[in-house]
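Worksheet for the structure shown next.
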Amino acid sequence: MTKILVVAPHADDESLGCAGTLLKHIENGDEVYWLLVTGMSIESGFTEQQIKTREAEISQVAQLYRFTETFELKLPPARLDMLAKGNVVCAISDVIKRVQPEVVYTVYRNDAHSDHEIVFDATMSATKTFRYPFVKRVLAYETISETDFSMKPEDPGFRPNVFTSIDGYLDEKLDILSVFESEMGEFPFPRSEKAIKSLAYLRGAQANCEAAEAFMLLKEIN
């Protein structure tokens with residue numbers, strides 16, 4: 001049994017990037033923990049109905065995955081760059097110390113959304129080997145609609161070097177994503193069933209399987 005922590009800036013990032021992989025971990029008997037960094041609030045400009053709907057979605061998704069535990073930091077979405085980075089690092093570190101995961105999945109640093117950059121940096125700070133020796137593997141997942149829309153001139157692009165076959169898990173991934181109704185749309189919207197399937201088949205072709213999810217390996221200690 002391996003402890004897995006998936007770090008998501010926003011609810012649905014983890015499912016877009018690695019739902020099939022997480023389901024596969026759980027099927028194999030691993031403990032999977034979900035860390036949601038941001039959360040809706042009145043102060044962040046969301047209505048009470050939006051907040052209630054999102055809370056229900058998070059609860060339903062956690063049950064569908066059968067996560068061991070879900071952590072919600074409820075930091076303000078789209079405003080992480082306005083917070084002291086040390087506070088974000090400490091909040092993520094507290095969860096990592098509590099869970100003591102062997103494997104950590106996080107977002108790609110150069111995604112279009114500024115929250116993803118902050119979460120990536122904070123996660124890397126919170127997985128330093130000399131402070132968190134139990135962390136043996138750290139990977140970045142791709143988030144369709146963010147990773148593929150990065151226009152930073154210095155960004156070499158998401159270059160995956162780890163692939164996980166999700167044959168038999170793609171339909172379940174789509175079922176989970178359908179729970180986040182406000183985040184999904186009709187093709188050619190990037191967070192659509194057709195686009196998500198297309199990316200899975202492309203990664204599958206690169207990995208010689210039907211469907212796959214792709215990652216960049218950031219650290220591995222054997």
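Residues are named by chain letter and number: chains run A, B, ... in the order of the structure tokens, numbers start at 1 in each chain, and ligands are numbered from 1 in the order shown.
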
For this session: Give me the residues within 10 Å of stretch 161-169 of chain A as JSON, numbers by chain, counting only C-alpha atoms and dropping any in the same chain fewer than 2 places off.
Result: {"A": [18, 19, 20, 21, 22, 23, 24, 139, 140, 141, 158, 159, 171, 172, 173, 174, 175, 200, 201, 203, 204, 206, 207, 208, 209, 210, 211, 212, 213, 214, 215, 216, 217, 218]}

With N, CA, C and O atoms retained, write the just-selected residues as a compact mmCIF listing (two decimals), in the first residue's frame.
# COMPACT_ATOMS: atom_id res chain seq x y z
N CYS A 18 -5.41 13.71 -13.84
CA CYS A 18 -4.99 12.34 -13.49
C CYS A 18 -6.08 11.49 -12.86
O CYS A 18 -5.80 10.63 -12.02
N ALA A 19 -7.33 11.68 -13.26
CA ALA A 19 -8.43 10.89 -12.70
C ALA A 19 -8.20 9.40 -12.88
O ALA A 19 -8.37 8.59 -11.96
N GLY A 20 -7.86 8.99 -14.11
CA GLY A 20 -7.66 7.57 -14.37
C GLY A 20 -6.53 6.98 -13.55
O GLY A 20 -6.63 5.86 -13.04
N THR A 21 -5.46 7.75 -13.40
CA THR A 21 -4.32 7.30 -12.60
C THR A 21 -4.70 7.15 -11.14
O THR A 21 -4.32 6.17 -10.49
N LEU A 22 -5.47 8.10 -10.62
CA LEU A 22 -5.91 8.02 -9.22
C LEU A 22 -6.83 6.82 -9.02
O LEU A 22 -6.71 6.10 -8.01
N LEU A 23 -7.75 6.61 -9.94
CA LEU A 23 -8.65 5.46 -9.85
C LEU A 23 -7.86 4.15 -9.88
O LEU A 23 -8.19 3.19 -9.17
N LYS A 24 -6.82 4.13 -10.68
CA LYS A 24 -5.97 2.94 -10.79
C LYS A 24 -5.23 2.70 -9.48
O LYS A 24 -5.11 1.57 -9.01
N LEU A 139 5.36 14.22 -9.36
CA LEU A 139 5.05 14.33 -10.79
C LEU A 139 4.10 15.50 -11.02
O LEU A 139 3.26 15.81 -10.17
N ALA A 140 4.24 16.13 -12.19
CA ALA A 140 3.32 17.19 -12.61
C ALA A 140 2.35 16.64 -13.64
O ALA A 140 2.77 15.95 -14.58
N TYR A 141 1.07 16.93 -13.47
CA TYR A 141 0.07 16.50 -14.44
C TYR A 141 -0.33 17.68 -15.33
O TYR A 141 -0.09 18.84 -14.98
N PHE A 158 4.88 21.54 -21.96
CA PHE A 158 4.71 20.33 -21.17
C PHE A 158 5.29 19.16 -21.96
O PHE A 158 4.79 18.82 -23.04
N ARG A 159 6.35 18.55 -21.44
CA ARG A 159 7.04 17.46 -22.14
C ARG A 159 6.99 16.21 -21.28
O ARG A 159 7.87 15.98 -20.44
N ASP A 171 -13.99 6.16 -19.16
CA ASP A 171 -15.41 6.46 -18.97
C ASP A 171 -15.69 6.92 -17.55
O ASP A 171 -16.49 7.84 -17.33
N GLU A 172 -15.03 6.28 -16.59
CA GLU A 172 -15.22 6.67 -15.18
C GLU A 172 -14.67 8.07 -14.95
O GLU A 172 -15.24 8.86 -14.18
N LYS A 173 -13.55 8.39 -15.60
CA LYS A 173 -12.99 9.74 -15.51
C LYS A 173 -14.01 10.77 -16.00
O LYS A 173 -14.24 11.80 -15.36
N LEU A 174 -14.63 10.49 -17.14
CA LEU A 174 -15.62 11.41 -17.71
C LEU A 174 -16.86 11.52 -16.83
O LEU A 174 -17.44 12.60 -16.70
N ASP A 175 -17.25 10.42 -16.20
CA ASP A 175 -18.40 10.45 -15.28
C ASP A 175 -18.11 11.37 -14.10
O ASP A 175 -18.98 12.12 -13.65
N ALA A 200 -6.66 11.94 -24.21
CA ALA A 200 -6.36 10.60 -23.66
C ALA A 200 -5.91 9.64 -24.77
O ALA A 200 -4.98 8.86 -24.58
N TYR A 201 -6.54 9.74 -25.94
CA TYR A 201 -6.16 8.87 -27.05
C TYR A 201 -4.80 9.27 -27.61
O TYR A 201 -4.00 8.41 -28.00
N ARG A 203 -2.31 10.66 -25.88
CA ARG A 203 -1.32 10.16 -24.92
C ARG A 203 -1.24 8.63 -25.00
O ARG A 203 -0.16 8.06 -24.81
N GLY A 204 -2.35 7.99 -25.28
CA GLY A 204 -2.34 6.55 -25.45
C GLY A 204 -1.49 6.14 -26.64
O GLY A 204 -0.71 5.18 -26.57
N GLN A 206 1.02 7.72 -27.78
CA GLN A 206 2.42 7.94 -27.42
C GLN A 206 2.94 6.83 -26.51
O GLN A 206 4.15 6.61 -26.43
N ALA A 207 2.03 6.17 -25.80
CA ALA A 207 2.42 5.15 -24.82
C ALA A 207 2.06 3.74 -25.27
O ALA A 207 2.17 2.80 -24.48
N ASN A 208 1.60 3.61 -26.52
CA ASN A 208 1.24 2.29 -27.07
C ASN A 208 0.13 1.60 -26.27
O ASN A 208 0.22 0.43 -25.93
N CYS A 209 -0.91 2.37 -25.98
CA CYS A 209 -2.09 1.81 -25.34
C CYS A 209 -3.31 2.57 -25.84
O CYS A 209 -3.19 3.53 -26.59
N GLU A 210 -4.49 2.15 -25.42
CA GLU A 210 -5.72 2.76 -25.92
C GLU A 210 -5.86 4.21 -25.44
O GLU A 210 -6.18 5.11 -26.21
N ALA A 211 -5.66 4.42 -24.15
CA ALA A 211 -5.80 5.76 -23.56
C ALA A 211 -4.80 5.90 -22.42
O ALA A 211 -4.50 4.92 -21.73
N ALA A 212 -4.32 7.11 -22.22
CA ALA A 212 -3.31 7.31 -21.18
C ALA A 212 -3.39 8.72 -20.62
O ALA A 212 -4.01 9.62 -21.21
N GLU A 213 -2.76 8.91 -19.46
CA GLU A 213 -2.53 10.23 -18.89
C GLU A 213 -1.02 10.43 -18.84
O GLU A 213 -0.26 9.47 -18.66
N ALA A 214 -0.59 11.69 -19.00
CA ALA A 214 0.83 11.98 -19.13
C ALA A 214 1.31 12.87 -17.99
O ALA A 214 0.57 13.74 -17.50
N PHE A 215 2.56 12.67 -17.61
CA PHE A 215 3.15 13.40 -16.50
C PHE A 215 4.60 13.78 -16.80
O PHE A 215 5.26 13.13 -17.62
N MET A 216 5.05 14.80 -16.09
CA MET A 216 6.47 15.10 -16.08
C MET A 216 7.03 14.69 -14.73
O MET A 216 6.55 15.16 -13.69
N LEU A 217 8.00 13.79 -14.74
CA LEU A 217 8.63 13.34 -13.50
C LEU A 217 9.56 14.43 -13.01
O LEU A 217 10.50 14.82 -13.71
N LEU A 218 9.32 14.94 -11.83
CA LEU A 218 10.11 16.03 -11.25
C LEU A 218 11.17 15.52 -10.28
O LEU A 218 12.24 16.11 -10.17

Exercise. What are the DSSP strand (DSSP E or B) residues of stretch 57-160 of chain A, as a ChimeraX atom specification?
Worked result: /A:69-75,103-107,137-141

Exercise. Stretch 122-129 of chain A: which residues within 9 Å, counting only C-alpha atoms, same-chain residues fewer than 6 positions away excluded, as a PyMOL selection string?
Worked result: chain A and resi 7+85-86+88-90+92-94+96-97+104+106+135-136+138

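Taking atom CA of A:Leu36 as the reference point, atom CA of A:Thr70 is found at 7.6 Å.
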
Please provide as an mmCIF file with N, CA, C and O atoms, in the first residue's frame all residues within 12 Å of A:Met40, with the sequence filter that same-chain residues fewer than 3 positions apart are discarded (counting only C-alpha atoms).
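result.cif was written with the following content:
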data_model
loop_
_atom_site.group_PDB
_atom_site.id
_atom_site.type_symbol
_atom_site.label_atom_id
_atom_site.label_comp_id
_atom_site.auth_asym_id
_atom_site.auth_seq_id
_atom_site.Cartn_x
_atom_site.Cartn_y
_atom_site.Cartn_z
ATOM 1 N N PRO A 9 -5.114 22.984 -7.386
ATOM 2 C CA PRO A 9 -5.424 24.384 -7.093
ATOM 3 C C PRO A 9 -6.928 24.625 -6.999
ATOM 4 O O PRO A 9 -7.402 25.368 -6.152
ATOM 5 N N HIS A 10 -7.676 23.975 -7.912
ATOM 6 C CA HIS A 10 -9.133 24.126 -7.953
ATOM 7 C C HIS A 10 -9.769 22.753 -8.115
ATOM 8 O O HIS A 10 -9.177 21.858 -8.726
ATOM 9 N N ALA A 11 -10.969 22.601 -7.575
ATOM 10 C CA ALA A 11 -11.697 21.345 -7.752
ATOM 11 C C ALA A 11 -11.924 21.130 -9.243
ATOM 12 O O ALA A 11 -12.436 22.010 -9.926
ATOM 13 N N LEU A 36 -7.289 20.184 -1.857
ATOM 14 C CA LEU A 36 -7.838 21.301 -2.616
ATOM 15 C C LEU A 36 -7.313 22.597 -2.014
ATOM 16 O O LEU A 36 -7.560 22.880 -0.837
ATOM 17 N N VAL A 37 -6.605 23.367 -2.800
ATOM 18 C CA VAL A 37 -5.953 24.563 -2.270
ATOM 19 C C VAL A 37 -6.914 25.742 -2.164
ATOM 20 O O VAL A 37 -6.930 26.443 -1.156
ATOM 21 N N GLU A 43 -16.515 36.180 0.168
ATOM 22 C CA GLU A 43 -15.471 37.197 0.069
ATOM 23 C C GLU A 43 -14.769 37.163 -1.293
ATOM 24 O O GLU A 43 -14.251 38.176 -1.757
ATOM 25 N N SER A 44 -14.768 35.978 -1.920
ATOM 26 C CA SER A 44 -14.114 35.831 -3.223
ATOM 27 C C SER A 44 -15.057 36.133 -4.389
ATOM 28 O O SER A 44 -14.674 35.978 -5.550
ATOM 29 N N GLY A 45 -16.293 36.548 -4.057
ATOM 30 C CA GLY A 45 -17.217 36.961 -5.103
ATOM 31 C C GLY A 45 -18.212 35.910 -5.557
ATOM 32 O O GLY A 45 -18.879 36.086 -6.589
ATOM 33 N N PHE A 46 -18.348 34.823 -4.806
ATOM 34 C CA PHE A 46 -19.275 33.761 -5.189
ATOM 35 C C PHE A 46 -20.568 33.875 -4.379
ATOM 36 O O PHE A 46 -20.568 34.370 -3.251
ATOM 37 N N THR A 47 -21.661 33.407 -4.959
ATOM 38 C CA THR A 47 -22.946 33.447 -4.273
ATOM 39 C C THR A 47 -23.075 32.246 -3.342
ATOM 40 O O THR A 47 -22.345 31.252 -3.468
ATOM 41 N N GLU A 48 -24.019 32.327 -2.436
ATOM 42 C CA GLU A 48 -24.265 31.212 -1.522
ATOM 43 C C GLU A 48 -24.655 29.955 -2.291
ATOM 44 O O GLU A 48 -24.251 28.849 -1.930
ATOM 45 N N GLN A 49 -25.429 30.128 -3.364
ATOM 46 C CA GLN A 49 -25.842 28.973 -4.159
ATOM 47 C C GLN A 49 -24.648 28.339 -4.855
ATOM 48 O O GLN A 49 -24.534 27.107 -4.911
ATOM 49 N N GLN A 50 -23.749 29.155 -5.393
ATOM 50 C CA GLN A 50 -22.540 28.620 -6.032
ATOM 51 C C GLN A 50 -21.695 27.841 -5.029
ATOM 52 O O GLN A 50 -21.165 26.776 -5.350
ATOM 53 N N ILE A 51 -21.583 28.364 -3.841
ATOM 54 C CA ILE A 51 -20.778 27.718 -2.799
ATOM 55 C C ILE A 51 -21.397 26.377 -2.407
ATOM 56 O O ILE A 51 -20.704 25.365 -2.301
ATOM 57 N N LYS A 52 -22.712 26.358 -2.223
ATOM 58 C CA LYS A 52 -23.404 25.113 -1.858
ATOM 59 C C LYS A 52 -23.277 24.078 -2.964
ATOM 60 O O LYS A 52 -23.065 22.888 -2.699
ATOM 61 N N THR A 53 -23.426 24.525 -4.202
ATOM 62 C CA THR A 53 -23.302 23.601 -5.333
ATOM 63 C C THR A 53 -21.910 23.005 -5.392
ATOM 64 O O THR A 53 -21.743 21.786 -5.574
ATOM 65 N N ARG A 54 -20.884 23.840 -5.222
ATOM 66 C CA ARG A 54 -19.517 23.340 -5.273
ATOM 67 C C ARG A 54 -19.228 22.388 -4.105
ATOM 68 O O ARG A 54 -18.546 21.371 -4.281
ATOM 69 N N GLU A 55 -19.730 22.701 -2.931
ATOM 70 C CA GLU A 55 -19.538 21.802 -1.784
ATOM 71 C C GLU A 55 -20.144 20.430 -2.064
ATOM 72 O O GLU A 55 -19.554 19.402 -1.738
ATOM 73 N N ILE A 58 -17.915 18.570 -4.610
ATOM 74 C CA ILE A 58 -16.697 18.049 -3.986
ATOM 75 C C ILE A 58 -17.002 16.791 -3.183
ATOM 76 O O ILE A 58 -16.279 15.803 -3.255
ATOM 77 N N GLU A 72 -9.281 20.643 2.486
ATOM 78 C CA GLU A 72 -9.649 21.877 1.793
ATOM 79 C C GLU A 72 -9.029 23.073 2.520
ATOM 80 O O GLU A 72 -9.393 23.381 3.647
ATOM 81 N N LEU A 73 -8.087 23.744 1.855
ATOM 82 C CA LEU A 73 -7.442 24.914 2.453
ATOM 83 C C LEU A 73 -8.314 26.159 2.304
ATOM 84 O O LEU A 73 -8.186 27.103 3.073
ATOM 85 N N LYS A 74 -9.168 26.184 1.274
ATOM 86 C CA LYS A 74 -10.131 27.258 1.026
ATOM 87 C C LYS A 74 -9.468 28.629 0.896
ATOM 88 O O LYS A 74 -9.991 29.639 1.372
ATOM 89 N N LEU A 75 -8.312 28.664 0.243
ATOM 90 C CA LEU A 75 -7.675 29.935 -0.073
ATOM 91 C C LEU A 75 -8.412 30.563 -1.257
ATOM 92 O O LEU A 75 -9.075 29.871 -2.028
ATOM 93 N N PRO A 76 -8.324 31.870 -1.422
ATOM 94 C CA PRO A 76 -9.123 32.549 -2.454
ATOM 95 C C PRO A 76 -8.679 32.205 -3.879
ATOM 96 O O PRO A 76 -7.511 32.406 -4.233
ATOM 97 N N PRO A 77 -9.581 31.708 -4.715
ATOM 98 C CA PRO A 77 -9.216 31.366 -6.096
ATOM 99 C C PRO A 77 -8.887 32.608 -6.926
ATOM 100 O O PRO A 77 -9.479 33.668 -6.735
ATOM 101 N N ALA A 78 -7.908 32.440 -7.832
ATOM 102 C CA ALA A 78 -7.445 33.518 -8.712
ATOM 103 C C ALA A 78 -6.816 34.672 -7.944
ATOM 104 O O ALA A 78 -6.590 35.749 -8.503
ATOM 105 N N ARG A 79 -6.500 34.429 -6.670
ATOM 106 C CA ARG A 79 -5.871 35.476 -5.861
ATOM 107 C C ARG A 79 -4.686 34.951 -5.056
ATOM 108 O O ARG A 79 -4.205 35.620 -4.142
#

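Every protein or nucleic acid residue with an atom no more than 9 Å from stretch 192-194 of chain A, counting only C-alpha atoms and leaving out same-chain residues fewer than 5 positions away, appears here: Leu174, Leu177, Ser178, Glu183, Met184, Gly185, Glu186, Phe187 and Leu199 of chain A.
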
Give me the stretch 96-116 of chain A side of the contact with stretch 144-151 of chain A, cut-off 9 Å, one line per residue showing its nearest atom pair and distance in Å at one decimal, counting only C-alpha atoms, sorted by chain and residue number, as a tab-separated table.
residue	atom	partner	partner_atom	distance
A:Val107	CA	A:Thr147	CA	8.8
A:Tyr108	CA	A:Thr147	CA	7.0
A:Arg109	CA	A:Thr147	CA	8.7
A:Asn110	CA	A:Ser150	CA	6.4
A:Asp111	CA	A:Thr147	CA	4.4
A:Ala112	CA	A:Ser150	CA	4.5
A:His113	CA	A:Glu146	CA	6.2
A:His116	CA	A:Glu146	CA	8.8

Written selection (all heavy atoms) as a compact mmCIF listing (two decimals), in the first residue's frame:
# COMPACT_ATOMS: atom_id res chain seq x y z
N VAL A 107 0.27 20.29 -10.17
CA VAL A 107 0.07 20.89 -11.48
C VAL A 107 1.40 21.32 -12.11
O VAL A 107 2.42 21.41 -11.44
CB VAL A 107 -0.87 22.12 -11.39
CG1 VAL A 107 -2.30 21.68 -11.21
CG2 VAL A 107 -0.43 23.05 -10.27
N TYR A 108 1.33 21.62 -13.40
CA TYR A 108 2.49 22.09 -14.16
C TYR A 108 2.69 23.58 -13.89
O TYR A 108 1.74 24.35 -13.91
CB TYR A 108 2.24 21.82 -15.65
CG TYR A 108 3.33 22.27 -16.58
CD1 TYR A 108 4.62 21.75 -16.47
CD2 TYR A 108 3.07 23.18 -17.60
CE1 TYR A 108 5.62 22.15 -17.34
CE2 TYR A 108 4.06 23.56 -18.49
CZ TYR A 108 5.33 23.06 -18.35
OH TYR A 108 6.33 23.44 -19.23
N ARG A 109 3.93 23.98 -13.66
CA ARG A 109 4.20 25.35 -13.23
C ARG A 109 3.79 26.41 -14.24
O ARG A 109 3.33 27.50 -13.88
CB ARG A 109 5.68 25.53 -12.90
CG ARG A 109 5.99 26.87 -12.25
CD ARG A 109 7.47 27.04 -11.95
NE ARG A 109 7.67 28.13 -11.01
CZ ARG A 109 7.79 29.41 -11.39
NH1 ARG A 109 7.73 29.73 -12.68
NH2 ARG A 109 7.97 30.35 -10.48
N ASN A 110 3.96 26.14 -15.53
CA ASN A 110 3.75 27.16 -16.55
C ASN A 110 2.35 27.16 -17.14
O ASN A 110 2.14 27.69 -18.24
CB ASN A 110 4.80 27.02 -17.65
CG ASN A 110 6.17 27.44 -17.17
OD1 ASN A 110 6.32 28.42 -16.44
ND2 ASN A 110 7.20 26.69 -17.55
N ASP A 111 1.39 26.60 -16.43
CA ASP A 111 0.00 26.68 -16.88
C ASP A 111 -0.44 28.14 -16.98
O ASP A 111 0.15 29.03 -16.35
CB ASP A 111 -0.93 25.95 -15.90
CG ASP A 111 -0.84 24.44 -16.02
OD1 ASP A 111 -0.13 23.95 -16.92
OD2 ASP A 111 -1.46 23.73 -15.20
N ALA A 112 -1.49 28.38 -17.76
CA ALA A 112 -1.96 29.74 -17.98
C ALA A 112 -2.49 30.41 -16.71
O ALA A 112 -2.40 31.62 -16.55
CB ALA A 112 -3.04 29.74 -19.06
N HIS A 113 -3.04 29.62 -15.80
CA HIS A 113 -3.64 30.16 -14.58
C HIS A 113 -2.55 30.44 -13.54
O HIS A 113 -1.75 29.56 -13.20
CB HIS A 113 -4.65 29.16 -14.02
CG HIS A 113 -5.68 29.78 -13.12
ND1 HIS A 113 -5.36 30.55 -12.02
CD2 HIS A 113 -7.04 29.73 -13.16
CE1 HIS A 113 -6.46 30.95 -11.44
NE2 HIS A 113 -7.50 30.48 -12.11
N HIS A 116 -1.90 28.10 -10.55
CA HIS A 116 -1.16 26.86 -10.78
C HIS A 116 0.33 27.07 -10.53
O HIS A 116 1.01 26.20 -9.97
CB HIS A 116 -1.39 26.36 -12.21
CG HIS A 116 -2.77 25.83 -12.44
ND1 HIS A 116 -3.05 24.79 -13.30
CD2 HIS A 116 -3.97 26.19 -11.91
CE1 HIS A 116 -4.35 24.54 -13.29
NE2 HIS A 116 -4.92 25.39 -12.46

Problem set entry | Those of stretch 71-125 of chain A in DSSP helix (DSSP H, G or I), formatted as an NGL selection string | :A and (80-82 or 85-99 or 114-125)

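The space between atom CA of A:Glu220 and atom CA of A:Asp12 spans 25.8 Å.
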
Exercise. So what do you get for atom CA of A:Arg137 versus atom CA of A:Val103, distance-wise?
Worked result: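 Rounded to one decimal, the two atoms are 4.8 Å apart.
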